[in-house]
Structure formats: C-alpha cells, structure tokens
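File shown here: run-v7.txt, holding compact mmCIF, C-alpha atoms.
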```
# COMPACT_ATOMS: atom_id res chain seq x y z
CA MET W 1 28.72 -28.57 19.87
CA ALA W 2 29.76 -25.24 18.38
CA ILE W 3 31.21 -24.20 21.76
CA LEU W 4 33.29 -27.38 22.03
CA ALA W 5 34.53 -26.90 18.46
CA ALA W 6 35.43 -23.28 19.19
CA ILE W 7 37.42 -24.26 22.30
CA TRP W 8 39.22 -26.98 20.36
CA PHE W 9 40.14 -24.44 17.67
CA PHE W 10 41.20 -22.00 20.41
CA PHE W 11 43.97 -24.37 21.49
CA VAL W 12 44.92 -25.24 17.90
CA LEU W 13 45.58 -21.63 16.90
CA LEU W 14 47.11 -20.75 20.27
CA SER W 15 49.70 -23.45 19.59
CA TYR W 16 50.34 -22.21 16.06
CA SER W 17 50.63 -18.58 17.17
CA VAL W 18 53.43 -19.49 19.56
CA VAL W 19 55.58 -21.22 16.93
CA ARG W 20 54.87 -18.94 13.95
CA PRO W 21 56.90 -15.89 15.12
CA VAL W 22 59.92 -18.19 15.44
CA ARG W 23 59.40 -19.28 11.83
CA GLU W 24 59.12 -15.65 10.67
CA THR W 25 62.41 -14.80 12.39
CA MET W 26 64.06 -17.65 10.51
CA ALA W 27 62.68 -16.31 7.23
CA ALA W 28 63.84 -12.75 7.92
CA ILE W 29 67.35 -13.92 8.78
CA GLY W 30 67.83 -16.00 5.63
CA GLY W 31 66.30 -13.59 3.11
CA THR W 32 64.54 -14.42 -0.17
CA LYS W 33 67.20 -16.85 -1.45
CA GLN W 34 66.85 -19.14 1.56
CA LEU W 35 63.06 -18.77 1.46
CA GLN W 36 62.99 -20.13 -2.09
CA GLY W 37 64.79 -23.29 -1.03
CA LEU W 38 62.82 -23.80 2.16
CA MET W 39 59.46 -23.42 0.42
CA LEU W 40 60.50 -25.86 -2.27
CA VAL W 41 61.52 -28.41 0.36
CA THR W 42 58.23 -27.78 2.17
CA PHE W 43 56.33 -28.65 -0.99
CA ALA W 44 58.38 -31.83 -1.42
CA THR W 45 57.63 -32.72 2.20
CA MET W 46 53.92 -32.34 1.51
CA LEU W 47 54.19 -34.75 -1.41
CA VAL W 48 55.44 -37.35 1.07
CA ALA W 49 53.15 -36.44 3.97
CA VAL W 50 49.83 -36.45 2.09
CA PRO W 51 50.01 -40.11 0.93
CA ILE W 52 50.86 -41.12 4.51
CA TYR W 53 47.87 -39.14 5.73
CA ALA W 54 45.68 -40.80 3.07
CA VAL W 55 46.67 -44.21 4.46
CA LEU W 56 45.63 -43.07 7.94
CA VAL W 57 42.32 -41.79 6.56
CA ASN W 58 41.64 -45.21 5.01
CA ARG W 59 42.46 -47.18 8.13
CA LEU W 60 41.43 -45.04 11.10
CA PRO W 61 38.02 -43.88 12.28
CA ARG W 62 37.57 -40.14 12.63
CA ARG W 63 38.26 -39.90 16.36
CA TRP W 64 41.50 -41.90 16.09
CA LEU W 65 42.63 -39.98 13.03
CA VAL W 66 42.50 -36.78 15.05
CA ARG W 67 44.42 -38.31 17.95
CA VAL W 68 47.22 -39.73 15.80
CA VAL W 69 47.78 -36.42 13.97
CA PHE W 70 47.85 -34.29 17.12
CA HIS W 71 50.02 -36.72 19.09
CA PHE W 72 52.53 -36.80 16.24
CA PHE W 73 52.93 -33.01 16.20
CA THR W 74 53.19 -32.88 19.99
CA LEU W 75 56.01 -35.43 19.92
CA SER W 76 57.72 -33.45 17.14
CA LEU W 77 57.73 -30.34 19.33
CA LEU W 78 59.45 -32.30 22.08
CA VAL W 79 62.16 -33.43 19.63
CA PHE W 80 62.75 -29.85 18.44
CA SER W 81 62.93 -28.55 22.01
CA VAL W 82 65.56 -31.13 22.96
CA SER W 83 67.57 -30.54 19.76
CA LEU W 84 67.66 -26.78 20.27
CA SER W 85 68.55 -27.14 23.96
CA PHE W 86 71.26 -29.76 23.94
CA GLY W 87 72.50 -30.04 20.36
CA ASN W 88 75.76 -28.54 19.11
CA GLU W 89 75.80 -25.63 16.67
CA PRO W 90 75.37 -27.66 13.44
CA VAL W 91 72.49 -29.58 15.03
CA ARG W 92 70.79 -26.34 16.09
CA VAL W 93 71.22 -24.82 12.62
CA TRP W 94 69.66 -27.80 10.89
CA ALA W 95 66.96 -28.06 13.56
CA ALA W 96 66.03 -24.42 12.85
CA ARG W 97 65.77 -25.09 9.10
CA VAL W 98 63.71 -28.24 9.59
CA PHE W 99 61.56 -26.34 12.08
CA PHE W 100 60.66 -23.74 9.42
CA ILE W 101 59.43 -26.54 7.15
CA TRP W 102 57.71 -28.33 10.03
CA VAL W 103 55.74 -25.22 11.04
CA ASN W 104 54.30 -24.93 7.52
CA VAL W 105 53.29 -28.59 7.55
CA PHE W 106 51.95 -28.34 11.09
CA GLY W 107 49.83 -25.26 10.44
CA LEU W 108 48.16 -26.79 7.41
CA PHE W 109 47.56 -30.29 8.73
CA VAL W 110 46.10 -29.45 12.13
CA THR W 111 43.73 -26.87 10.66
CA SER W 112 42.83 -29.15 7.73
CA VAL W 113 41.96 -32.02 10.07
CA PHE W 114 39.95 -29.67 12.27
CA TRP W 115 37.89 -28.22 9.41
CA SER W 116 37.46 -31.64 7.76
CA VAL W 117 35.82 -32.88 10.94
CA LEU W 118 33.58 -29.81 11.10
CA ALA W 119 32.60 -30.05 7.42
CA ASP W 120 31.67 -33.64 8.24
CA LEU W 121 29.48 -32.67 11.19
CA PHE W 122 27.79 -29.48 9.95
CA SER W 123 25.47 -28.88 7.01
CA SER W 124 25.93 -25.98 4.58
CA GLU W 125 23.37 -23.82 6.38
CA GLN W 126 24.83 -24.65 9.78
CA GLY W 127 28.28 -23.79 8.44
CA LYS W 128 27.15 -20.37 7.22
CA ARG W 129 25.62 -19.68 10.61
CA LEU W 130 28.29 -21.14 12.92
CA PHE W 131 31.67 -21.36 11.16
CA GLY W 132 32.39 -17.68 11.70
CA ARG W 133 31.76 -18.03 15.43
CA ILE W 134 33.81 -21.21 15.66
CA ALA W 135 36.64 -19.53 13.77
CA ALA W 136 36.39 -16.67 16.28
CA GLY W 137 37.19 -19.15 19.05
CA GLY W 138 40.38 -20.01 17.19
CA THR W 139 41.18 -16.34 16.75
CA VAL W 140 40.89 -15.75 20.49
CA GLY W 141 43.45 -18.52 20.87
CA ALA W 142 45.68 -16.87 18.27
CA VAL W 143 45.38 -13.52 20.08
CA THR W 144 46.31 -15.22 23.33
CA GLY W 145 49.25 -17.02 21.75
CA SER W 146 50.56 -13.91 19.99
CA LEU W 147 50.26 -11.77 23.11
CA LEU W 148 51.93 -14.44 25.24
CA THR W 149 54.79 -14.84 22.76
CA SER W 150 55.34 -11.08 22.47
CA GLN W 151 55.77 -10.86 26.23
CA VAL W 152 58.03 -13.88 26.78
CA ALA W 153 60.02 -13.94 23.51
CA THR W 154 62.92 -12.00 25.04
CA GLU W 155 62.75 -13.96 28.33
CA LEU W 156 62.57 -17.58 27.16
CA SER W 157 64.75 -19.54 24.77
CA THR W 158 63.20 -21.02 21.63
CA ALA W 159 63.38 -24.45 23.25
CA GLY W 160 61.43 -23.13 26.23
CA LEU W 161 58.78 -21.55 24.00
CA LEU W 162 58.11 -24.89 22.33
CA LEU W 163 56.94 -26.42 25.60
CA ILE W 164 53.85 -24.18 25.52
CA PRO W 165 52.27 -25.55 22.30
CA MET W 166 52.98 -29.10 23.47
CA ALA W 167 50.61 -28.56 26.37
CA THR W 168 47.98 -26.60 24.43
CA LEU W 169 47.76 -29.17 21.62
CA GLN W 170 46.94 -31.87 24.15
CA ALA W 171 44.38 -29.62 25.83
CA GLY W 172 42.67 -29.10 22.47
CA LEU W 173 42.65 -32.83 21.85
CA TRP W 174 40.64 -33.34 25.03
CA PHE W 175 37.92 -30.99 23.74
CA ALA W 176 37.97 -32.81 20.37
CA TRP W 177 37.21 -36.00 22.30
CA ARG W 178 34.35 -34.25 24.11
CA LEU W 179 33.00 -33.07 20.76
CA GLU W 180 32.91 -36.63 19.42
CA ARG W 181 31.07 -37.83 22.51
CA ARG W 182 28.52 -35.03 22.10
CA VAL W 183 27.96 -36.02 18.47
CA ALA W 184 27.24 -39.60 19.52
CA LYS W 185 24.55 -38.36 21.90
CA GLU W 186 22.98 -35.91 19.42
CA PRO W 187 23.16 -37.54 15.97
CA SER W 188 20.37 -35.31 14.71
CA PHE W 189 22.79 -32.37 14.79
CA ALA W 190 24.70 -33.99 11.92
CA PRO W 191 21.84 -35.19 9.69
CA LYS W 192 24.14 -36.05 6.79
CA GLU W 193 25.79 -39.01 8.57
CA THR W 194 24.99 -41.79 11.00
CA PRO W 195 26.25 -41.83 14.59
CA ARG W 196 28.60 -44.68 13.68
CA ASP W 197 30.64 -42.50 11.31
CA ALA W 198 33.06 -41.54 14.07
CA ASP W 199 33.76 -45.24 14.59
CA ARG W 200 34.72 -46.09 11.02
CA PRO W 201 37.24 -44.64 8.55
CA PRO W 202 35.97 -41.34 7.06
CA ALA W 203 36.57 -42.49 3.49
CA VAL W 204 37.43 -45.49 1.38
CA GLY W 205 39.36 -45.96 -1.84
CA GLY W 206 42.85 -45.79 -3.27
CA LEU W 207 45.78 -43.76 -2.02
CA TRP W 208 45.48 -41.08 -4.72
CA GLU W 209 41.72 -40.92 -4.80
CA GLY W 210 41.73 -37.38 -3.41
CA VAL W 211 43.99 -36.25 -6.26
CA THR W 212 41.92 -37.89 -8.99
CA HIS W 213 38.70 -36.44 -7.62
CA VAL W 214 40.18 -32.95 -7.76
CA LEU W 215 41.15 -33.51 -11.39
CA GLN W 216 37.71 -34.87 -12.27
CA SER W 217 35.64 -32.21 -10.51
CA SER W 218 35.41 -28.72 -11.99
CA TYR W 219 34.16 -27.46 -8.62
CA LEU W 220 37.16 -28.81 -6.68
CA ALA W 221 39.48 -27.57 -9.44
CA SER W 222 37.97 -24.09 -9.07
CA ILE W 223 38.70 -24.20 -5.34
CA CYS W 224 42.32 -25.07 -6.18
CA ILE W 225 42.61 -22.13 -8.57
CA TYR W 226 41.19 -19.73 -6.00
CA LEU W 227 43.52 -20.98 -3.26
CA PHE W 228 46.53 -20.83 -5.60
CA PHE W 229 45.88 -17.11 -6.03
CA VAL W 230 45.57 -16.77 -2.24
CA GLN W 231 48.97 -18.40 -1.73
CA ALA W 232 50.68 -16.51 -4.56
CA ALA W 233 49.56 -13.13 -3.24
CA GLY W 234 50.43 -14.11 0.32
CA THR W 235 53.90 -15.29 -0.72
CA GLN W 236 54.60 -12.05 -2.57
CA LEU W 237 53.69 -10.03 0.52
CA TYR W 238 55.58 -12.45 2.78
CA PHE W 239 58.79 -11.99 0.76
CA GLN W 240 58.48 -8.23 1.08
CA GLN W 241 57.97 -8.51 4.82
CA ALA W 242 61.05 -10.74 5.21
CA GLU W 243 63.25 -8.36 3.21
CA ILE W 244 62.05 -5.15 4.84
CA VAL W 245 62.12 -6.49 8.41
CA GLY W 246 65.50 -8.13 7.82
CA ALA W 247 66.93 -4.77 6.77
CA SER W 248 65.17 -2.69 9.42
CA VAL W 249 65.38 -4.79 12.63
CA PRO W 250 68.88 -6.12 13.43
CA ASP W 251 68.26 -8.21 16.58
CA ASP W 252 66.74 -11.71 16.23
CA GLN W 253 64.78 -11.56 19.48
CA SER W 254 63.44 -8.15 18.48
CA LYS W 255 62.34 -9.64 15.16
CA THR W 256 60.46 -12.40 16.99
CA GLN W 257 58.82 -9.80 19.22
CA LEU W 258 57.85 -7.64 16.22
CA PHE W 259 56.28 -10.59 14.43
CA ALA W 260 54.39 -11.51 17.59
CA TYR W 261 52.98 -7.97 17.76
CA ILE W 262 51.99 -8.16 14.07
CA ASP W 263 50.24 -11.45 14.81
CA PHE W 264 48.51 -9.92 17.82
CA CYS W 265 47.13 -6.98 15.80
CA THR W 266 46.12 -9.38 13.03
CA GLN W 267 44.19 -11.63 15.36
CA VAL W 268 42.39 -8.77 17.12
CA LEU W 269 41.20 -7.46 13.75
CA THR W 270 40.38 -11.01 12.64
CA LEU W 271 38.26 -11.59 15.73
CA THR W 272 36.31 -8.43 14.98
CA ALA W 273 35.70 -9.58 11.41
CA GLN W 274 34.59 -13.03 12.53
CA LEU W 275 32.20 -11.80 15.19
CA VAL W 276 30.76 -8.84 13.30
CA LEU W 277 31.18 -9.42 9.56
CA SER W 278 31.72 -12.99 8.41
CA GLY W 279 28.42 -14.52 9.50
CA TRP W 280 26.43 -11.54 8.21
CA ILE W 281 28.24 -11.52 4.86
CA LEU W 282 27.81 -15.27 4.34
CA ARG W 283 24.12 -15.25 5.28
CA ARG W 284 23.02 -12.01 3.62
CA LEU W 285 25.45 -11.43 0.74
CA GLY W 286 26.54 -14.99 0.01
CA VAL W 287 29.74 -16.98 -0.36
CA ALA W 288 30.72 -15.22 -3.60
CA VAL W 289 30.95 -11.80 -1.93
CA ALA W 290 32.86 -13.29 1.01
CA LEU W 291 35.41 -14.86 -1.36
CA VAL W 292 35.99 -11.71 -3.41
CA ILE W 293 36.85 -9.52 -0.39
CA LEU W 294 40.41 -10.84 -0.02
CA PRO W 295 41.40 -10.15 -3.65
CA LEU W 296 40.14 -6.59 -3.27
CA VAL W 297 42.17 -6.11 -0.08
CA TYR W 298 45.32 -7.34 -1.87
CA LEU W 299 44.55 -5.02 -4.79
CA VAL W 300 44.65 -2.01 -2.46
CA SER W 301 47.66 -3.30 -0.49
CA PHE W 302 49.87 -3.92 -3.53
CA SER W 303 48.84 -0.58 -5.03
CA VAL W 304 50.02 1.25 -1.89
CA LEU W 305 53.20 -0.85 -1.55
CA SER W 306 54.17 -0.03 -5.13
CA VAL W 307 54.49 3.59 -3.98
CA ASP W 308 55.66 3.22 -0.37
CA GLY W 309 57.59 0.11 0.73
CA SER W 310 58.30 1.14 4.31
CA LEU W 311 58.22 -1.11 7.39
CA ALA W 312 55.01 0.53 8.63
CA VAL W 313 53.21 -0.02 5.32
CA VAL W 314 54.25 -3.65 4.91
CA ALA W 315 53.34 -4.39 8.53
CA THR W 316 49.92 -2.78 8.01
CA ALA W 317 49.40 -4.74 4.80
CA MET W 318 50.25 -7.99 6.57
CA VAL W 319 47.77 -7.25 9.33
CA VAL W 320 44.90 -6.27 7.02
CA THR W 321 45.35 -9.06 4.46
CA ARG W 322 45.72 -11.76 7.10
CA ALA W 323 42.72 -10.44 9.02
CA ALA W 324 40.59 -10.49 5.87
CA GLY W 325 41.87 -13.97 5.05
CA TYR W 326 41.35 -15.52 8.48
CA GLY W 327 38.27 -13.51 9.40
CA ILE W 328 36.22 -13.79 6.21
CA THR W 329 37.91 -15.99 3.60
CA VAL W 330 38.56 -19.01 5.87
CA PRO W 331 34.91 -19.41 7.02
CA ALA W 332 33.78 -18.95 3.41
CA ARG W 333 36.35 -21.46 2.16
CA GLU W 334 35.19 -24.08 4.66
CA VAL W 335 31.58 -23.55 3.62
CA LEU W 336 32.69 -24.54 0.10
CA PHE W 337 33.36 -28.08 1.34
CA THR W 338 29.97 -28.58 2.99
CA VAL W 339 28.42 -29.40 -0.40
CA VAL W 340 30.88 -32.14 -1.44
CA SER W 341 30.86 -35.85 -0.60
CA ARG W 342 32.21 -37.19 2.68
CA ARG W 343 35.11 -38.78 0.82
CA ASP W 344 36.09 -35.42 -0.68
CA LYS W 345 35.82 -33.69 2.69
CA TYR W 346 38.74 -35.76 3.94
CA LYS W 347 40.81 -36.94 0.98
CA SER W 348 40.36 -34.20 -1.61
CA LYS W 349 40.22 -31.48 1.01
CA SER W 350 43.42 -32.74 2.62
CA PHE W 351 45.17 -32.73 -0.76
CA ILE W 352 43.94 -29.21 -1.47
CA ASP W 353 44.76 -27.87 2.00
CA THR W 354 48.28 -29.28 1.92
CA VAL W 355 49.81 -30.05 -1.48
CA VAL W 356 47.91 -27.40 -3.43
CA LEU W 357 48.57 -24.69 -0.85
CA ARG W 358 52.24 -25.54 -0.40
CA GLY W 359 52.58 -26.04 -4.14
CA GLY W 360 51.27 -22.52 -4.61
CA ASP W 361 53.87 -21.28 -2.13
CA ALA W 362 56.68 -23.21 -3.84
CA LEU W 363 55.82 -22.15 -7.39
CA SER W 364 55.20 -18.49 -6.55
CA SER W 365 58.35 -18.33 -4.41
CA GLN W 366 60.48 -19.67 -7.29
CA VAL W 367 58.97 -17.17 -9.73
CA LEU W 368 59.29 -14.26 -7.32
CA GLY W 369 62.79 -15.23 -6.26
CA SER W 370 63.93 -15.51 -9.85
CA LEU W 371 62.42 -12.18 -10.85
CA ARG W 372 63.92 -10.60 -7.74
CA ASN W 373 67.40 -12.15 -7.61
CA LEU W 374 68.11 -12.97 -11.26
CA ALA W 375 66.15 -10.40 -13.26
CA GLY W 376 66.63 -7.66 -10.68
CA PHE W 377 63.02 -6.50 -10.48
CA GLY W 378 62.04 -4.47 -7.44
CA PHE W 379 58.97 -5.21 -5.37
CA ALA W 380 57.36 -1.95 -6.48
CA THR W 381 57.39 -3.18 -10.09
CA LEU W 382 56.22 -6.68 -9.12
CA ASN W 383 53.35 -5.21 -7.12
CA LEU W 384 52.15 -3.24 -10.15
CA TRP W 385 52.39 -6.27 -12.43
CA SER W 386 50.30 -8.34 -10.03
CA LEU W 387 47.25 -6.02 -10.23
CA PRO W 388 45.78 -7.52 -13.47
CA LEU W 389 46.22 -11.02 -12.01
CA ILE W 390 44.33 -9.97 -8.89
CA ALA W 391 41.47 -8.77 -11.11
CA LEU W 392 41.38 -12.26 -12.66
CA TRP W 393 41.41 -13.76 -9.17
CA SER W 394 38.38 -11.65 -8.22
CA TYR W 395 36.44 -12.97 -11.22
CA ALA W 396 37.33 -16.57 -10.28
CA ALA W 397 36.12 -15.92 -6.73
CA LEU W 398 32.70 -14.73 -7.91
CA ARG W 399 32.25 -17.76 -10.19
CA LEU W 400 33.25 -20.17 -7.41
CA GLY W 401 30.82 -18.60 -4.95
CA ARG W 402 27.95 -18.85 -7.41
CA ARG W 403 28.79 -22.52 -8.06
CA GLN W 404 28.68 -23.28 -4.33
CA ARG W 405 25.23 -21.72 -4.08
CA GLN W 406 23.97 -23.88 -6.96
CA LEU W 407 25.31 -27.07 -5.37
CA ALA W 408 23.85 -26.16 -1.97
CA GLU W 409 20.42 -25.53 -3.52
CA ARG W 410 20.57 -28.83 -5.43
CA LYS W 411 21.55 -30.72 -2.26
CA THR W 412 18.67 -29.14 -0.34
CA VAL W 413 16.17 -30.17 -3.01
CA THR W 414 17.43 -33.76 -3.17
```
Kindly return the structure encoded in the file as structure tokens.
Amino acid sequence: MAILAAIWFFFVLLSYSVVRPVRETMAAIGGTKQLQGLMLVTFATMLVAVPIYAVLVNRLPRRWLVRVVFHFFTLSLLVFSVSLSFGNEPVRVWAARVFFIWVNVFGLFVTSVFWSVLADLFSSEQGKRLFGRIAAGGTVGAVTGSLLTSQVATELSTAGLLLIPMATLQAGLWFAWRLERRVAKEPSFAPKETPRDADRPPAVGGLWEGVTHVLQSSYLASICIYLFFVQAAGTQLYFQQAEIVGASVPDDQSKTQLFAYIDFCTQVLTLTAQLVLSGWILRRLGVAVALVILPLVYLVSFSVLSVDGSLAVVATAMVVTRAAGYGITVPAREVLFTVVSRRDKYKSKSFIDTVVLRGGDALSSQVLGSLRNLAGFGFATLNLWSLPLIALWSYAALRLGRRQRQLAERKTVT
C-alpha cells in the first residue's frame, strides 16, 4: 500500500509543481502590495471553502470524497486554460489573479485530503516508518514537474501548461482508487478501522465541529501555533523573494523559468532528506527533534539575509527552508495526526491545513506589508527582529513533539 500511496502523491505534487511557478511569477510582478491583497482574499476564500468541504465530509464516504475533490480541481484547470486562451485582456488579468488564489487553495486541499486518508489508514508507528518514503514519492513528482516546467516554460503558453496537471491529477486519482481496493483486501494493515470505513462518511457531526475540536483540544491548538509560525516565517521569506526577483529579473517567462529551477533544486534536496534523514530522525530522535529542525534553518537563513539580501542568498534560503519543510517537517507534521480521533483526522485536520495555514499567511502578510510599505522597515531589520520569535517557535516545537510521544504511548497501552 505504501507504493500505491507514493505513486498517488507523485502525481499530486507533479501537478502542483507545474502550476506553482506560474503563481510565483504573478507574485513577483505585483510586488508586496498586491501580495497583501491576494493573501487576504485567499484566506477569505478558505473561510467559504472549508464549510463546503465539511458538508462533503459528512455526506460522502472516503473514496467518493477523494474523487469529488480531485475532479473539481481538474475541471477548474480546464476553465482557467480556456479563459487564458480565448478571453480578452480584462478576462485574462482577472483570470491570472483568481489563479493565484486558486493555486493556494488547490495546493492545500489536495495535500490535506491525501494526508487525511493516509493518517486514517496508517498507525503512528507505521507513519514514522513509511511517511518519509511516501513523501519521497511525492517529491519525485515535484522534481519531475519542476524540471518539466523549467524546460517548457518559454515554449508553451500558460494555457498550454495547465493541460499537464489536468492529466496528472486524473492519473493520481486512479492510483487512489487502487489504494482503496487494496485496503479492502488487507484490512489488517489498518487495524484502527474496519474495512467498511471507506464506504461510509469519514466523520459525523455539525458543520463547525472541526473548529470547536481545535478550540477544545490543547494538542490540536499546539499544532495550530506551530503551523502559524511555519507560515509566518515562510511568508516573510516569500515576500523577500518576490521583491528581489521582481527587481533582478525583468522578463516574465524568465521569472517562471527561474522559479522552476528553484523548485527543482528544492525538490532534489527534499528527496535526499526524505530518503536519508526523515525516517531515521523520526524513529531514532523522535518527532520533537524533527519539528525543531525547520525553526533552526530559518534562524540561520534570516541571520544571513539580514547581512546579505542578494538574489543568490534569497534563492538559496528558499531552497534550504523548503527542503527542510517538505523533507522533514511535513512527515513529522502528519505523524502528529496519527494519534487523534478519526473525526479530527478529517474535520479538524482540514480546518488546520486550510484556514489556519492561510490565516497565518494572511495575518503575517498584512503585518509585513504594513511594516514594509507604511513604516518603511527594510527586510534586513525585519529579519533581525524575527530571531527572538523563531527561538519561541523552537520551544513550541519541542513541547508539541513531546506531547505527541505521550499520546502515542497512551494509545499503544490502551
């Protein structure tokens, strides 16, 4: 089953890696002022999308939930491709802005659904052993997508590029279907649930049950705090990338190609971390150590950027922080959800993976944009000010990891 899950994730991240460089080009063109508005609208979009998703969770069995979500995003890609190909200039401009928001929603929802299914099928120990390898399958897809985009970005139109993820999303959906069939034949592989779980809705309850459970659980709230720091640090670095690339690379197609190369380097390093480091760290050193690695990487990155804000340095920082995040933090983060109830794996996890993450983007982007555009602070100063907050983030990571270990031990005993 791990191989089928890895292939499914391969196609998911291949699809995302094709559309992400287009989003980055949009961000670099508009600058920090436009980014503030777009991230705020993205957060508002999440507030609408998550209740709709909660309704689907209540009414659809797991296998149909996956199909509906992936078919919706495939159809959306077709609409964008047609709009960018045949629409007039105002239509294309608005399609590009909506596309930026859509990519953020797309990236979070398809990965959230994927990892919710896996947290449902795998135990905590199985997750520690296999999630790194499964994530590596996705990284191979991201490497493939980034390399493909870097080679064809100057040859194909944006509308033409969007045809690629349409096909790869549907290919991944076929392997998701195969995974469900394999689960039905080997129910012992998922000892937490019965074989009929794929044929009934993953959770029951009210529309906002996922939100209330987050508010009532100190463990889920701690996950939210940790992920807020992840998004805030990532947004700060993302703003610097947009500003520096926008000033250094004049041609839009060259920007797309540069971002594709950055993605390619990121995914190669991520794959190395997933295959060599993540599983070993999670098994031998524990979830707490795995979670604290990313804050330490940001601590070094912001320290260097406060002295040297060149294109080479910001590109290197993007590669290293993303590789640490995808290669080590993501498998560790998904292990966090293996010790919660099935209801929380879908509803609370979806709320955290969407509204909390995009809310972190929106809030941090407003603060950064205001400090940058209104108060006139430079990124060098902002990077120095962020260092004490990163130290606090590191402490929160250690406490969260220790809490996960306690819950896993309690679940094993019971």
re CA of Ile101 in chain W and CA of Ala317 in chain W: distance 24.1 Å
Could you tell me which of W:Ala6, W:Ile52, W:Leu294, W:Val287 comes closest to Ser350 in chain W if we count all atoms listed in the file?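 Looking only at the distances to Ser350 in chain W, the closest residue turns out to be W:Ile52.
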Between W:Leu148, W:Val57, W:Val314, W:Leu277, which is the closest to Phe239 in chain W once you count all atoms listed in the file?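 Using all atoms listed in the file, the shortest distance to Phe239 in chain W belongs to W:Val314.
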Shell of 10 Å around Thr158 in chain W, only C-alpha atoms, local chain residues under 5 positions omitted, as a PDB file with C-alpha atoms, in the coordinates of the input:
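New file around.pdb:
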```
ATOM      1  CA  VAL W  19      55.580 -21.220  16.930  1.00  0.00           C
ATOM      2  CA  VAL W  22      59.920 -18.190  15.440  1.00  0.00           C
ATOM      3  CA  PHE W  80      62.750 -29.850  18.440  1.00  0.00           C
ATOM      4  CA  SER W  81      62.930 -28.550  22.010  1.00  0.00           C
ATOM      5  CA  LEU W  84      67.660 -26.780  20.270  1.00  0.00           C
ATOM      6  CA  SER W  85      68.550 -27.140  23.960  1.00  0.00           C
ATOM      7  CA  ALA W  96      66.030 -24.420  12.850  1.00  0.00           C
ATOM      8  CA  ALA W 153      60.020 -13.940  23.510  1.00  0.00           C
ATOM      9  CA  LEU W 163      56.940 -26.420  25.600  1.00  0.00           C
ATOM     10  CA  GLN W 253      64.780 -11.560  19.480  1.00  0.00           C
TER      11      GLN W 253
END
```
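Take the candidates W:Arg178, W:Phe351, W:Tyr326, W:Tyr226 and check each one against Leu392 in chain W using all atoms listed in the file; the shortest distance goes to W:Tyr226.
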Could I get range 155-171 of chain W rebuilt with N, CA, C and O atoms, written as a PDB file, keeping the file's coordinate frame?
```pdb
ATOM      1  N   GLU W 155      62.449 -13.372  27.018  1.00  0.00           N
ATOM      2  CA  GLU W 155      62.750 -13.960  28.330  1.00  0.00           C
ATOM      3  C   GLU W 155      63.043 -15.457  28.235  1.00  0.00           C
ATOM      4  O   GLU W 155      63.828 -15.987  29.017  1.00  0.00           O
ATOM      5  N   LEU W 156      62.393 -16.140  27.291  1.00  0.00           N
ATOM      6  CA  LEU W 156      62.570 -17.580  27.160  1.00  0.00           C
ATOM      7  C   LEU W 156      63.378 -17.916  25.914  1.00  0.00           C
ATOM      8  O   LEU W 156      63.337 -17.194  24.919  1.00  0.00           O
ATOM      9  N   SER W 157      64.074 -19.027  25.959  1.00  0.00           N
ATOM     10  CA  SER W 157      64.750 -19.540  24.770  1.00  0.00           C
ATOM     11  C   SER W 157      63.708 -20.147  23.834  1.00  0.00           C
ATOM     12  O   SER W 157      62.561 -20.400  24.224  1.00  0.00           O
ATOM     13  N   THR W 158      64.112 -20.382  22.580  1.00  0.00           N
ATOM     14  CA  THR W 158      63.200 -21.020  21.630  1.00  0.00           C
ATOM     15  C   THR W 158      62.761 -22.390  22.131  1.00  0.00           C
ATOM     16  O   THR W 158      61.594 -22.769  22.013  1.00  0.00           O
ATOM     17  N   ALA W 159      63.702 -23.132  22.711  1.00  0.00           N
ATOM     18  CA  ALA W 159      63.380 -24.450  23.250  1.00  0.00           C
ATOM     19  C   ALA W 159      62.322 -24.354  24.348  1.00  0.00           C
ATOM     20  O   ALA W 159      61.425 -25.205  24.457  1.00  0.00           O
ATOM     21  N   GLY W 160      62.420 -23.329  25.171  1.00  0.00           N
ATOM     22  CA  GLY W 160      61.430 -23.130  26.230  1.00  0.00           C
ATOM     23  C   GLY W 160      60.072 -22.765  25.680  1.00  0.00           C
ATOM     24  O   GLY W 160      59.031 -23.222  26.184  1.00  0.00           O
ATOM     25  N   LEU W 161      60.048 -21.936  24.615  1.00  0.00           N
ATOM     26  CA  LEU W 161      58.780 -21.550  24.000  1.00  0.00           C
ATOM     27  C   LEU W 161      58.021 -22.765  23.468  1.00  0.00           C
ATOM     28  O   LEU W 161      56.795 -22.820  23.530  1.00  0.00           O
ATOM     29  N   LEU W 162      58.755 -23.743  22.963  1.00  0.00           N
ATOM     30  CA  LEU W 162      58.110 -24.890  22.330  1.00  0.00           C
ATOM     31  C   LEU W 162      57.386 -25.794  23.328  1.00  0.00           C
ATOM     32  O   LEU W 162      56.567 -26.629  22.924  1.00  0.00           O
ATOM     33  N   LEU W 163      57.656 -25.640  24.598  1.00  0.00           N
ATOM     34  CA  LEU W 163      56.940 -26.420  25.600  1.00  0.00           C
ATOM     35  C   LEU W 163      55.482 -25.980  25.720  1.00  0.00           C
ATOM     36  O   LEU W 163      54.611 -26.766  26.103  1.00  0.00           O
ATOM     37  N   ILE W 164      55.215 -24.713  25.395  1.00  0.00           N
ATOM     38  CA  ILE W 164      53.850 -24.180  25.520  1.00  0.00           C
ATOM     39  C   ILE W 164      52.897 -24.855  24.535  1.00  0.00           C
ATOM     40  O   ILE W 164      51.834 -25.367  24.937  1.00  0.00           O
ATOM     41  N   PRO W 165      53.208 -24.891  23.214  1.00  0.00           N
ATOM     42  CA  PRO W 165      52.270 -25.550  22.300  1.00  0.00           C
ATOM     43  C   PRO W 165      52.130 -27.052  22.534  1.00  0.00           C
ATOM     44  O   PRO W 165      51.105 -27.634  22.161  1.00  0.00           O
ATOM     45  N   MET W 166      53.136 -27.683  23.133  1.00  0.00           N
ATOM     46  CA  MET W 166      52.980 -29.100  23.470  1.00  0.00           C
ATOM     47  C   MET W 166      51.790 -29.293  24.400  1.00  0.00           C
ATOM     48  O   MET W 166      50.952 -30.186  24.201  1.00  0.00           O
ATOM     49  N   ALA W 167      51.699 -28.444  25.400  1.00  0.00           N
ATOM     50  CA  ALA W 167      50.610 -28.560  26.370  1.00  0.00           C
ATOM     51  C   ALA W 167      49.264 -28.159  25.763  1.00  0.00           C
ATOM     52  O   ALA W 167      48.242 -28.822  25.989  1.00  0.00           O
ATOM     53  N   THR W 168      49.250 -27.098  24.963  1.00  0.00           N
ATOM     54  CA  THR W 168      47.980 -26.600  24.430  1.00  0.00           C
ATOM     55  C   THR W 168      47.402 -27.531  23.362  1.00  0.00           C
ATOM     56  O   THR W 168      46.177 -27.645  23.227  1.00  0.00           O
ATOM     57  N   LEU W 169      48.262 -28.206  22.594  1.00  0.00           N
ATOM     58  CA  LEU W 169      47.760 -29.170  21.620  1.00  0.00           C
ATOM     59  C   LEU W 169      47.022 -30.315  22.316  1.00  0.00           C
ATOM     60  O   LEU W 169      45.967 -30.773  21.858  1.00  0.00           O
ATOM     61  N   GLN W 170      47.575 -30.789  23.424  1.00  0.00           N
ATOM     62  CA  GLN W 170      46.940 -31.870  24.150  1.00  0.00           C
ATOM     63  C   GLN W 170      45.640 -31.415  24.817  1.00  0.00           C
ATOM     64  O   GLN W 170      44.669 -32.175  24.901  1.00  0.00           O
ATOM     65  N   ALA W 171      45.614 -30.153  25.260  1.00  0.00           N
ATOM     66  CA  ALA W 171      44.380 -29.620  25.830  1.00  0.00           C
ATOM     67  C   ALA W 171      43.285 -29.560  24.763  1.00  0.00           C
ATOM     68  O   ALA W 171      42.125 -29.913  25.011  1.00  0.00           O
TER      69      ALA W 171
END
```
